[in-house]
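Data first, discussion second: the structure below is written as structure tokens.
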Amino acid sequence: MTGAVNSAVNVNAGTDARTGAGTGAGTNLSATDPAAMSATVNMNAGMRQSGFALGAVAVFAALMALSTWILLQVHGSGPRAQDTPALWLALAVWAVLAGLMLNRLALLQQPKPLRLLAPGLLGAALLFIWEVGVVGWNVPRVLLPAPHAVAQALVTRWEVLWPDFQQTAIAVLAGYAIGCGAGLAAALLCDRVDFLRRGLLPLAGLAGAVPIVGIAPIMVMWFGFDWHSKAAVAAVVTFFPMLVNTLAGLAATDAMHRDLMRTYAASHNATLAKLRLPGALPFIFNALKINSTLALISAIVAEFFGSPIYGLGFRISAEVARMNVDVVWAAITLSALAGSLFYGLIALMERGLTFWHPSYRQ
Amino acid sequence: MPVPVPTRQAVAAPSGRWVPVMLPVLVVVGTILLLWYAGAVGLNAPQVTERLNNAGNPWGWSDLVSAAWAMERPVLPAPHQVALDFYRSLVDHDIDNPRNLLFHAGVTLSATLLGFGLGLLLGVVLAVGVVHSPVLDRGLLPWIIASQTIPILAIAPMAVVVLGSLGYPPLVSKAVISMYLCFFPIVIGMVKGLRSPEVLQMDLMRTYSASRPQLLWLLRLPAAVPFLFASAKVAIAASLVGAIVGELPTGAQAGLGARLLQGSYFGQTVQIWSALVMASLLGVALVGLVSLAERATARLMGTRP
Amino acid sequence: MSSAAPAVVAKDLSLVFQTADSPVTALSDVNLTIERGEFVSFIGPSGCGKTTLMRVIADLERATSGSISVNGMSAEAARLQRAYGYVFQAAALYPWRNVLKNVMLPLEIMGVPAAERDSRARQQLALVGLTGFEGKYPWQLSGGMQQRVSIARALALQPQMLLMDEPFGALDEITRDHLNEQLLRLWEATGKTVIFVTHSISEAVFLSQRIVVMSPRPGRILEVIDNPLPAGRLLDMRESPGFAEVAHRVRLALRAGHSYD
């Protein structure tokens with residue numbers, strides 16, 4: 001009894017493995033270099049994890065395929081899914097197993113690409129449930145179209161959706177550039193003139209509570225129906241977060257760093273350029289990321305208030321009136337994809353320019 | 001040769017803190033008002049000059065200015081016009097008269113508060129789930145973050161129409177949109193807050209063999225309170241935006257969003273501006289309420305005297 | 001020493017901070033003269049004003065009464081002439097610049113042309129023994145190495161004076177000893193005036209020629225002790241009886257002015 005325990009302990013301690021009562025004597029401990037040993041162990045663990053992951057994904061996909069096959073059989077022959085216990089059963093089994101597997105998969109950390117497994121599979125699972133649910137329970141199209149219907153609409157109505165997207169995109173990009181640029185400039189001005197900062201900052205904070213999108217009708221009145229009014233709305237919306245965050249970033253430098261600049265007798269501009277602006281970049285990028293989604297949403301909502309006959313917002317409100325819900329979803333998917341791309345680009349730029357920030361070092 | 005250093009002026013203790021704090025704000029607000037008046041003249045000038053020319057009588061600067069500030073459908077109404085219209089709408093009619101801005105504010109407010117409450121609940125539940133379950137943390141949280149890139153406000157019209165056709169009153173559909181908009185800051189803020197206790201504090205709980213629910217109730221939740229209030233301020237402002245946008249699509253008759261839309265359709269500029277002022281006041285008041293709640297909670301919890 | 005003006009002359013220097021509840025006397029009637037090329041330590045418990053005194057010399061604080069002159073001119077004029085290099089308690093390096101660029105920072109501000117900046121920076125890095133680390137970023141270096149970069153940066157402008165505020169306080173003892181020795185060799189090689197703030201008695205005795213003992217509430221100089229130990233000191237000297245005697249004198253002086261309330 002104790003012999004087995006002792007030999008197990010010895011195996012763990014890496015000493016000469018005299019196998020006791022057959023305790024997992026498979027490990028070959030002839031490698032004497034501990035670094036090489038731990039590297040081998042890590043690689044083995046990594047490969048085992050990848051293997052497990054691949055197996056899990058395969059089982060996942062197989063179960064999904066099985067449920068879909070049953071569903072097609074059911075749907076093809078007419079009766080509604082509620083009358084088919086087989087589908088219920090398959091889905092239930094799949095859901096339970098999927099939950100258990102996801103639980104395990106979520107813990108995998110190495111190698112790096114495996115980290116995408118949990119969100120990726122969960123997303124796929126949600127899409128699958130959506131599809132099966134809508135088709136299997138014959139949910140009316142008007143209420144919620146199936147993912148394949150949305151994809152179809154995206155493809156068939158592309159010649160309309162693409163110009164819509166371009167119209168909105170110009171407004172978003174122009175408004176974003178103007179708003180963020182003005183916010184940055186205003187922050188630099190406030191930095192120079194403290195009186196202005198003390199006056200403007202509280203107002204900028206208040207502006208966060210105000211539904212700024214409400215100025216859309218006024219902008220349409222001033223700038224017309226075209227993209228200029230939408231860009232104006234996006235500009236005003238993005239101005240305030242940029243102002244607030246840039247000021248916070250400029251204020252965030254250590255007293256020590258500022259003293260250092262004083263000992264160099266550096267001018268205000270030199271201190272700004274070499275210390276405070278680079279130090280403020282993380283805050284500025286925070287605002288740029290927030291603003292990317294804000295600009296998109298504001299431009300689309302502004303289009304609800306009046307727009308020429310294209311624009312994603314216009315398309316959405318028009319097709320809602322006609323109850324073409326799958327085109328609406330297609331337009332929304334398009335804007336979501338564009339928005340994510342925009343956000344992702346900024347995040348990439350952030351990584352490049354603020355690589356030095358501690359948040360990138362785990 | 002030692003150079004005498006200039007001695008510091010004796011600094012008198014400031015008599016009150018209000019002057020240095022309020023003065024810059026007042027100056028900025030005053031400047032904005034001045035620019036607004038000037039802008040009103042500038043933007044309304046074309047129409048006014050046309051009208052004055054058609055009237056035939058000779059006119060000068062003062063005629064231009066006074067006319068520009070008193071137009072019926074100005075391009076840019078003067079501040080006093082907006083203030084007057086605002087005041088009149090509150091005072092001249094009963095509260096349940098659709099001509100009274102408070103009536104519309106009440107409609108929007110009910111949707112905002114309902115949406116905020118639902119979003120708060122959903123956000124807290126999701127946050128607790130994310131902190132305790134690796135599946136939700138690794139699998140769902142990225143999607144929650146990605147969901148904010150979906151311009152959900154764009155779905156507003158559809159959600160209102162669809163839910164309306166299912167028989168739900170517009171209040172519910174607006175509340176659903178508001179809920180969607182405000183649960184996100186709550187989730188993010190609460191997750192940060194629930195994870196904020198230091199490793200030392202968590203280890204201490206481990207030495208007491210505290211169970212997970214105990215850990216949640218005794219350590220994580222109290223630590224998360226400041227984060228909750230910070231994100232609640234963002235959330236309630238977002239909820240207001242959701243309620244207003246939710247009123248846009250269906251030709252709704254009541255609510256601040258509906259008022260904005262009506263004003264825009266009929267060219268009633270002053271009405272639009274009054275509605276905007278009301279919406280802004282509402283937003284500021286709501287955020288202020290959350291701040292008050294925050295202070296009261298802090299006092300209750302003992303973190304403030 | 002040379003007939004040039006002394007590096008620092010402080011006469012009846014006082015500094016009173018106005019705080020919310022009551023004024024705090026950080027420095028009270030400080031009189032001190034530091035000659036050029038001297039290595040002087042300020043030592044005392046927290047709140048005794050040693051850092052404040054150095055900040056007044058650096059023109060990072062203004063005295064409320066009395067006078068201070070640095071290199072024969074006002075502290076502000078000396079700062080504008082970049083007469084000194086300052087080393088803080090923490091390295092205060094810019095994480096977005098690599099080691100070489102960090103050392104080049106003061107040279108950039110002064111407008112030194114690029115090629116000369118590069119060679120001077122490399123020179124200073126060689127002086128502190130960090131050749132080969134030019135491309136590294138601050139977070140890739142240990143605490144001791146970061147402080148060495150900080151010292152190299154302070155030397156980049158080739159100032160006549162070095163002001164060092166507990167530069168090795170955050171490091172472990174072994175690294176600290178090593179850096180103390182390096183600093184001493186550096187001083188011997190360059191002949192700069194060094195003012196060194198510390199709360200370690202052995203550090204003060206090992207490094208300096210004179211030790212200024214200060215005491216808090218109000219911040220004042222208790223005693224200035226001349227250090228008779230010879231030049232060219234090595235770390236082993238810390239075990240010698242002569243060292244212990246000087247350390248003892250410092251300790252007595254500290255105890256005399258120190259209150260534990």
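Letters A, B, ... go to the chains of the structure tokens in the order shown; residues in each chain start at 1; ligands are counted from 1 in the same order.
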
Just want the 9 Å neighbourhood of region 17-33 of chain B, counted on only C-alpha atoms, with same-chain residues fewer than 4 positions away dropped. Output as a list in words.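 Near neighbours after the sequence-gap exclusion: Phe195, Leu196, Arg197, Arg198, Gly199, Leu200, Leu201, Pro202 and Leu203 of chain A; Tyr37, Ala38 and Pro79 of chain B.
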
May I have the residues from that selection written out with C-alpha atoms, as an mmCIF file, in the first residue's frame?
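In the end it all went to out.cif:
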data_model
loop_
_atom_site.group_PDB
_atom_site.id
_atom_site.type_symbol
_atom_site.label_atom_id
_atom_site.label_comp_id
_atom_site.auth_asym_id
_atom_site.auth_seq_id
_atom_site.Cartn_x
_atom_site.Cartn_y
_atom_site.Cartn_z
ATOM 1 C CA PHE A 195 -10.475 77.908 -18.080
ATOM 2 C CA LEU A 196 -11.979 76.393 -21.192
ATOM 3 C CA ARG A 197 -11.387 72.901 -19.856
ATOM 4 C CA ARG A 198 -13.150 73.644 -16.609
ATOM 5 C CA GLY A 199 -16.065 75.086 -18.509
ATOM 6 C CA LEU A 200 -16.387 72.535 -21.277
ATOM 7 C CA LEU A 201 -15.717 69.279 -19.459
ATOM 8 C CA PRO A 202 -18.836 69.336 -17.241
ATOM 9 C CA LEU A 203 -20.945 70.159 -20.292
ATOM 10 C CA TYR B 37 -28.375 84.167 -31.054
ATOM 11 C CA ALA B 38 -25.881 85.191 -33.688
ATOM 12 C CA PRO B 79 -33.174 80.533 -27.421
#

Please return, as number ranges by chain, all residues of chain C lying within 6 Å of chain B when only C-alpha atoms are considered. C: 64-65, 67, 69, 72, 74

May I ask you to extract the residues of chain C within 8 Å of chain A, using only C-alpha atoms, and to give them as a PyMOL selection string? chain C and resi 58-60+79-82+84-86+88+92+94-96+106+109

Same residues, C-alpha atoms, saved as a compact mmCIF listing (two decimals), in the first residue's frame:
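Dumped to again14.txt:
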# COMPACT_ATOMS: atom_id res chain seq x y z
CA ALA C 58 16.03 71.36 -9.01
CA ASP C 59 13.48 74.18 -9.23
CA LEU C 60 10.67 71.65 -8.96
CA ARG C 79 17.15 74.45 -14.74
CA LEU C 80 16.65 76.34 -17.97
CA GLN C 81 20.37 75.88 -18.65
CA ARG C 82 19.93 72.17 -17.99
CA TYR C 84 21.63 68.92 -13.75
CA GLY C 85 20.29 65.49 -14.44
CA TYR C 86 17.55 64.12 -12.18
CA PHE C 88 13.83 59.55 -9.59
CA ALA C 92 10.23 56.66 -15.18
CA TYR C 94 8.75 55.70 -21.50
CA PRO C 95 7.32 52.28 -22.33
CA TRP C 96 6.78 53.24 -25.95
CA PRO C 106 16.61 64.86 -23.38
CA ILE C 109 14.27 68.06 -26.56

Pull out every residue of chain A sitting within 8 Å of chain B, counting only C-alpha atoms, and send them as an mmCIF file with N, CA and C atoms, in the first residue's frame.
data_model
loop_
_atom_site.group_PDB
_atom_site.id
_atom_site.type_symbol
_atom_site.label_atom_id
_atom_site.label_comp_id
_atom_site.auth_asym_id
_atom_site.auth_seq_id
_atom_site.Cartn_x
_atom_site.Cartn_y
_atom_site.Cartn_z
ATOM 1 N N LEU A 102 -18.948 22.054 -24.388
ATOM 2 C CA LEU A 102 -18.536 23.451 -24.365
ATOM 3 C C LEU A 102 -17.897 23.799 -23.035
ATOM 4 N N ASN A 103 -18.461 23.205 -21.975
ATOM 5 C CA ASN A 103 -17.915 23.439 -20.652
ATOM 6 C C ASN A 103 -16.444 23.048 -20.607
ATOM 7 N N LEU A 105 -14.484 22.499 -23.344
ATOM 8 C CA LEU A 105 -13.716 23.197 -24.362
ATOM 9 C C LEU A 105 -13.355 24.602 -23.927
ATOM 10 N N ALA A 106 -14.239 25.191 -23.113
ATOM 11 C CA ALA A 106 -14.004 26.569 -22.704
ATOM 12 C C ALA A 106 -12.739 26.696 -21.873
ATOM 13 N N LEU A 107 -12.285 25.578 -21.275
ATOM 14 C CA LEU A 107 -11.116 25.667 -20.417
ATOM 15 C C LEU A 107 -9.814 25.565 -21.186
ATOM 16 N N ARG A 115 -8.453 29.017 -28.368
ATOM 17 C CA ARG A 115 -9.278 29.938 -27.597
ATOM 18 C C ARG A 115 -10.490 30.392 -28.370
ATOM 19 N N ALA A 118 -14.444 28.104 -28.178
ATOM 20 C CA ALA A 118 -15.670 28.270 -27.387
ATOM 21 C C ALA A 118 -16.603 29.298 -28.009
ATOM 22 N N PRO A 119 -16.134 30.538 -28.275
ATOM 23 C CA PRO A 119 -17.081 31.473 -28.890
ATOM 24 C C PRO A 119 -17.536 31.021 -30.267
ATOM 25 N N GLY A 120 -16.614 30.426 -31.029
ATOM 26 C CA GLY A 120 -16.987 29.982 -32.366
ATOM 27 C C GLY A 120 -18.082 28.928 -32.324
ATOM 28 N N LEU A 121 -17.901 27.913 -31.472
ATOM 29 C CA LEU A 121 -18.895 26.845 -31.393
ATOM 30 C C LEU A 121 -20.202 27.347 -30.811
ATOM 31 N N LEU A 122 -20.113 28.217 -29.828
ATOM 32 C CA LEU A 122 -21.353 28.731 -29.249
ATOM 33 C C LEU A 122 -22.130 29.509 -30.292
ATOM 34 N N GLY A 123 -21.410 30.326 -31.067
ATOM 35 C CA GLY A 123 -22.076 31.074 -32.126
ATOM 36 C C GLY A 123 -22.732 30.141 -33.132
ATOM 37 N N VAL A 142 -42.521 36.526 -41.229
ATOM 38 C CA VAL A 142 -42.630 37.936 -40.855
ATOM 39 C C VAL A 142 -42.053 38.162 -39.462
ATOM 40 N N LEU A 143 -42.212 37.160 -38.614
ATOM 41 C CA LEU A 143 -41.764 37.314 -37.231
ATOM 42 C C LEU A 143 -40.246 37.189 -37.147
ATOM 43 N N PHE A 195 -9.143 77.353 -18.318
ATOM 44 C CA PHE A 195 -10.475 77.908 -18.080
ATOM 45 C C PHE A 195 -11.486 77.220 -18.985
ATOM 46 N N LEU A 196 -11.090 77.046 -20.226
ATOM 47 C CA LEU A 196 -11.979 76.393 -21.192
ATOM 48 C C LEU A 196 -12.250 74.948 -20.775
ATOM 49 N N ARG A 198 -12.246 73.714 -17.748
ATOM 50 C CA ARG A 198 -13.150 73.644 -16.609
ATOM 51 C C ARG A 198 -14.575 73.977 -17.003
ATOM 52 N N GLY A 199 -14.719 74.755 -18.074
ATOM 53 C CA GLY A 199 -16.065 75.086 -18.509
ATOM 54 C C GLY A 199 -16.677 74.023 -19.397
ATOM 55 N N LEU A 200 -15.850 73.451 -20.265
ATOM 56 C CA LEU A 200 -16.387 72.535 -21.277
ATOM 57 C C LEU A 200 -16.556 71.123 -20.761
ATOM 58 N N PRO A 202 -17.552 69.712 -17.835
ATOM 59 C CA PRO A 202 -18.836 69.336 -17.241
ATOM 60 C C PRO A 202 -19.944 69.240 -18.284
ATOM 61 N N LEU A 203 -19.920 70.194 -19.252
ATOM 62 C CA LEU A 203 -20.945 70.159 -20.292
ATOM 63 C C LEU A 203 -20.813 68.898 -21.135
ATOM 64 N N LEU A 206 -22.361 66.125 -19.341
ATOM 65 C CA LEU A 206 -23.810 66.175 -19.427
ATOM 66 C C LEU A 206 -24.289 65.657 -20.767
ATOM 67 N N GLY A 208 -23.359 63.354 -22.395
ATOM 68 C CA GLY A 208 -23.478 61.907 -22.426
ATOM 69 C C GLY A 208 -24.859 61.437 -22.030
ATOM 70 N N ALA A 209 -25.569 62.262 -21.250
ATOM 71 C CA ALA A 209 -26.906 61.875 -20.819
ATOM 72 C C ALA A 209 -27.965 62.258 -21.840
ATOM 73 N N VAL A 210 -27.602 63.111 -22.772
ATOM 74 C CA VAL A 210 -28.583 63.649 -23.717
ATOM 75 C C VAL A 210 -28.684 62.743 -24.939
ATOM 76 N N PRO A 211 -29.900 62.431 -25.374
ATOM 77 C CA PRO A 211 -30.018 61.605 -26.583
ATOM 78 C C PRO A 211 -29.706 62.429 -27.818
ATOM 79 N N VAL A 213 -28.971 61.723 -30.731
ATOM 80 C CA VAL A 213 -29.545 61.340 -32.021
ATOM 81 C C VAL A 213 -30.747 62.188 -32.348
ATOM 82 N N GLY A 214 -31.351 62.802 -31.304
ATOM 83 C CA GLY A 214 -32.520 63.634 -31.526
ATOM 84 C C GLY A 214 -32.259 64.841 -32.397
ATOM 85 N N ILE A 215 -30.992 65.221 -32.579
ATOM 86 C CA ILE A 215 -30.739 66.383 -33.425
ATOM 87 C C ILE A 215 -30.852 66.046 -34.898
ATOM 88 N N PRO A 217 -33.392 65.390 -36.986
ATOM 89 C CA PRO A 217 -34.301 66.197 -37.824
ATOM 90 C C PRO A 217 -33.772 67.601 -38.067
ATOM 91 N N ILE A 218 -33.097 68.179 -37.060
ATOM 92 C CA ILE A 218 -32.561 69.527 -37.239
ATOM 93 C C ILE A 218 -31.454 69.520 -38.281
ATOM 94 N N MET A 221 -32.817 69.381 -41.639
ATOM 95 C CA MET A 221 -33.298 70.706 -42.029
ATOM 96 C C MET A 221 -32.165 71.590 -42.489
ATOM 97 N N TRP A 222 -31.011 71.471 -41.852
ATOM 98 C CA TRP A 222 -29.892 72.346 -42.197
ATOM 99 C C TRP A 222 -29.092 71.854 -43.389
ATOM 100 N N THR A 293 -18.687 52.301 -33.248
ATOM 101 C CA THR A 293 -20.059 51.786 -33.234
ATOM 102 C C THR A 293 -21.071 52.918 -33.116
ATOM 103 N N LEU A 296 -21.749 54.568 -36.519
ATOM 104 C CA LEU A 296 -22.571 53.727 -37.389
ATOM 105 C C LEU A 296 -24.034 53.787 -36.982
ATOM 106 N N ILE A 297 -24.270 53.586 -35.687
ATOM 107 C CA ILE A 297 -25.651 53.584 -35.207
ATOM 108 C C ILE A 297 -26.316 54.935 -35.443
ATOM 109 N N ILE A 300 -27.267 55.488 -39.102
ATOM 110 C CA ILE A 300 -28.418 54.689 -39.520
ATOM 111 C C ILE A 300 -29.710 55.252 -38.939
ATOM 112 N N VAL A 301 -29.678 55.591 -37.655
ATOM 113 C CA VAL A 301 -30.889 56.147 -37.046
ATOM 114 C C VAL A 301 -31.246 57.484 -37.670
ATOM 115 N N PHE A 304 -33.498 57.374 -40.468
ATOM 116 C CA PHE A 304 -34.924 57.171 -40.233
ATOM 117 C C PHE A 304 -35.686 58.476 -40.363
ATOM 118 N N PHE A 305 -34.969 59.574 -40.158
ATOM 119 C CA PHE A 305 -35.643 60.869 -40.161
ATOM 120 C C PHE A 305 -35.758 61.475 -41.543
ATOM 121 N N GLY A 313 -30.254 52.723 -43.310
ATOM 122 C CA GLY A 313 -31.355 53.077 -42.426
ATOM 123 C C GLY A 313 -32.643 53.211 -43.205
ATOM 124 N N ILE A 316 -33.918 49.816 -44.155
ATOM 125 C CA ILE A 316 -34.556 49.116 -43.037
ATOM 126 C C ILE A 316 -35.963 49.639 -42.808
ATOM 127 N N SER A 317 -36.114 50.961 -42.722
ATOM 128 C CA SER A 317 -37.456 51.478 -42.425
ATOM 129 C C SER A 317 -38.407 51.210 -43.582
ATOM 130 N N VAL A 320 -39.308 47.462 -43.588
ATOM 131 C CA VAL A 320 -40.155 47.114 -42.452
ATOM 132 C C VAL A 320 -41.591 47.450 -42.792
ATOM 133 N N VAL A 325 -39.140 41.175 -43.950
ATOM 134 C CA VAL A 325 -38.272 41.133 -42.776
ATOM 135 C C VAL A 325 -36.903 40.535 -43.084
ATOM 136 N N VAL A 328 -34.663 43.167 -44.220
ATOM 137 C CA VAL A 328 -34.272 43.991 -43.073
ATOM 138 C C VAL A 328 -33.125 43.334 -42.338
ATOM 139 N N ILE A 332 -29.319 44.511 -41.701
ATOM 140 C CA ILE A 332 -28.733 44.581 -40.362
ATOM 141 C C ILE A 332 -27.462 43.754 -40.287
ATOM 142 N N THR A 333 -27.487 42.576 -40.907
ATOM 143 C CA THR A 333 -26.283 41.733 -40.910
ATOM 144 C C THR A 333 -25.144 42.452 -41.595
ATOM 145 N N SER A 335 -24.706 45.671 -41.874
ATOM 146 C CA SER A 335 -24.158 46.743 -41.036
ATOM 147 C C SER A 335 -23.378 46.171 -39.859
ATOM 148 N N ALA A 336 -23.849 45.026 -39.326
ATOM 149 C CA ALA A 336 -23.103 44.415 -38.222
ATOM 150 C C ALA A 336 -21.720 43.991 -38.687
ATOM 151 N N LEU A 337 -21.665 43.382 -39.882
ATOM 152 C CA LEU A 337 -20.362 42.951 -40.395
ATOM 153 C C LEU A 337 -19.457 44.151 -40.614
ATOM 154 N N GLY A 339 -19.664 47.065 -39.192
ATOM 155 C CA GLY A 339 -19.305 47.637 -37.903
ATOM 156 C C GLY A 339 -18.197 46.855 -37.228
ATOM 157 N N SER A 340 -18.295 45.507 -37.282
ATOM 158 C CA SER A 340 -17.259 44.688 -36.655
ATOM 159 C C SER A 340 -15.926 44.877 -37.351
ATOM 160 N N TYR A 343 -14.484 48.206 -36.269
ATOM 161 C CA TYR A 343 -13.976 48.076 -34.906
ATOM 162 C C TYR A 343 -12.683 47.282 -34.894
#

When DSSP is applied to the backbone of this structure, which of region 14-255 of chain C are assigned helix (DSSP H, G or I)? Write them out as an MDAnalysis selection string. chainID C and resid 50:57 75:80 99:110 114:127 138:140 143:156 173:190 201:207 235:239 241:255

Leu114 (chain B): which residues within 9 Å, counting only C-alpha atoms, same-chain residues fewer than 4 positions away excluded, as an NGL selection string? :B and (109-110 or 118-119 or 171-172 or 174-176 or 178-179)

Let's have the selection written as a compact mmCIF listing (two decimals), in the first residue's frame, with N, CA and C atoms.
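This is the output file out-v9.txt:
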# COMPACT_ATOMS: atom_id res chain seq x y z
N LEU B 109 -40.68 58.19 -20.60
CA LEU B 109 -40.08 57.81 -19.32
C LEU B 109 -40.51 56.41 -18.90
N SER B 110 -41.77 56.08 -19.11
CA SER B 110 -42.23 54.76 -18.67
C SER B 110 -41.50 53.66 -19.42
N LEU B 118 -35.45 46.05 -16.76
CA LEU B 118 -35.23 44.74 -17.38
C LEU B 118 -33.76 44.55 -17.72
N GLY B 119 -33.17 45.61 -18.29
CA GLY B 119 -31.76 45.52 -18.68
C GLY B 119 -30.86 45.30 -17.48
N LEU B 171 -45.48 50.01 -25.42
CA LEU B 171 -44.62 50.18 -24.26
C LEU B 171 -43.62 49.02 -24.17
N VAL B 172 -44.14 47.81 -24.39
CA VAL B 172 -43.28 46.62 -24.24
C VAL B 172 -42.20 46.61 -25.30
N LYS B 174 -40.91 49.09 -26.95
CA LYS B 174 -39.89 50.11 -26.67
C LYS B 174 -39.01 49.67 -25.52
N ALA B 175 -39.64 49.05 -24.53
CA ALA B 175 -38.86 48.61 -23.37
C ALA B 175 -37.86 47.54 -23.78
N VAL B 176 -38.26 46.69 -24.74
CA VAL B 176 -37.34 45.63 -25.18
C VAL B 176 -36.12 46.25 -25.84
N SER B 178 -34.96 49.28 -25.34
CA SER B 178 -34.17 49.92 -24.29
C SER B 178 -33.39 48.90 -23.51
N MET B 179 -34.02 47.78 -23.23
CA MET B 179 -33.35 46.74 -22.47
C MET B 179 -32.12 46.25 -23.21

Please measure the separation of CA of Val124 (chain B) and CA of Ala224 (chain B), giving the value in Å to one decimal. 10.4 Å

note - CA of Glu131 (chain A) and CA of Leu116 (chain A) are separated by 22.4 Å

Among the residues C:Arg238, C:Arg249, C:Arg97, C:Arg220, the one that comes closest to Gln140 (chain C) [using only C-alpha atoms]: C:Arg97

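All residues of protein, DNA or RNA that reach within 9 Å of Val194 (chain C), judged by only C-alpha atoms and not counting those fewer than 6 positions away in the chain, are Arg36, Gly37, Glu38, Phe39, Val40, Ser41, Gln160, Met161, Leu162, Leu163, Met164, Trp187 and Ser208 of chain C.
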